[in-house]
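Heads up, the thing below is written out as structure tokens.
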Amino acid sequence: MANYNKVILIGNLTREPQLSYLPSQTSVCEFGMAINRAFKKQDGSEGKEICFVDCQMFGKRAEVVNKYFKKGDPIFIEGRLKFDSWQAQDGSKKSKLRVFVENFEFVGSRQESKPKEEPEQSFEEKYNLNDAPPMDDTQIPF
């Protein structure tokens with residue numbers, strides 16, 4: 001029987017990424033995501049649903065996410081579902097389904113949040129071509 005375990009999500013971080021290290025010094029980053037879904041109900045009204053997902057990633061990419069992302073930032077992730085189960089201190093069995101992130105992409109731009117320092121100049125203004133004398137066809141060498 002064939003199996004396929006692939007997750008692709010775009011959402012916003014729900015909390016600050018938490019970076020830790022394994023005894024082997026491999027970096028581990030854990031963060032939460034919220035994925036919003038808007039839809040139209042049968043009665044015509046608009047519905048909204050939010051899916052909260054816990055994510056975990058390892059290695060250099062984990063350090064990059066920890067360094068450049070903060071709560072509320074949008075992120076695109078690719079990975080797979082991973083089922084973790086453990087026994088709590090009180091003896092009860094616990095389990096959690098999370099996304100094991102294999103790759104990510106920045107979504108949006110950091111420039112959107114920063115005001116532009118100078119208005120963008122046209123090509124003519126940038127190279128001061130507005131003050132150049134007009135050329136006629138006889139001045140073109142070809």
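Chains: A, B, ... in order of the structure tokens. Residues: from 1 per chain. Ligands: from 1, in order shown.
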
Tell me which protein, DNA and RNA residues are within 8 Å of stretch 50-59 of chain A, counting only C-alpha atoms, leaving out same-chain ones fewer than 6 positions away, and put them as JSON, numbers by chain.
{"A": [26, 27, 28, 29, 30, 31, 32, 33, 34, 35, 36, 37, 97, 98, 99, 100, 101, 102]}

Report, in Å to a single decimal, how far apart atom CA of A:Asp73 and atom CA of A:Ser95 are.
27.5 Å

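Proximity to A:Ile75 at 8 Å, evaluated using only C-alpha atoms and with sequence-adjacent residues fewer than 2 positions away removed, yields Ile10, Gly11, Asn12, Leu13, Asp73, Ile77, Phe104, Glu105, Phe106 and Val107 of chain A.
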
What does the structure give for the distance between atom CA of A:Tyr68 and atom CA of A:Glu49, in Å to one decimal?
27.5 Å

Counting only C-alpha atoms, closest pick from A:Ala88, A:Leu19, A:Leu81, A:Val7 relative to A:Val65 is A:Leu19

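From atom CA of A:Pro74 back to atom CA of A:Gly44, the distance works out to 29.2 Å.
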
Which residues, written as a list in words, have at least one atom at most 8 Å from A:Asn103, with only C-alpha atoms counted and residues fewer than 3 positions away on the same chain left out?
Arg61, Ile77, Glu78 and Gly79 of chain A

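Proximity ranking of A:Glu16, A:Leu9, A:Lys93, A:Asn3 relative to A:Lys70 places A:Glu16 first, based on only C-alpha atoms.
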
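When only C-alpha atoms are used to measure the gap to A:Lys82, the shortest distance among A:Ala62, A:Phe69, A:Met1, A:Lys6 belongs to A:Lys6.
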
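The smallest atom-to-atom distance between A:Gly108 and any of A:Arg15, A:Phe76, A:Val64, A:Glu46, using only C-alpha atoms, is found for A:Phe76.
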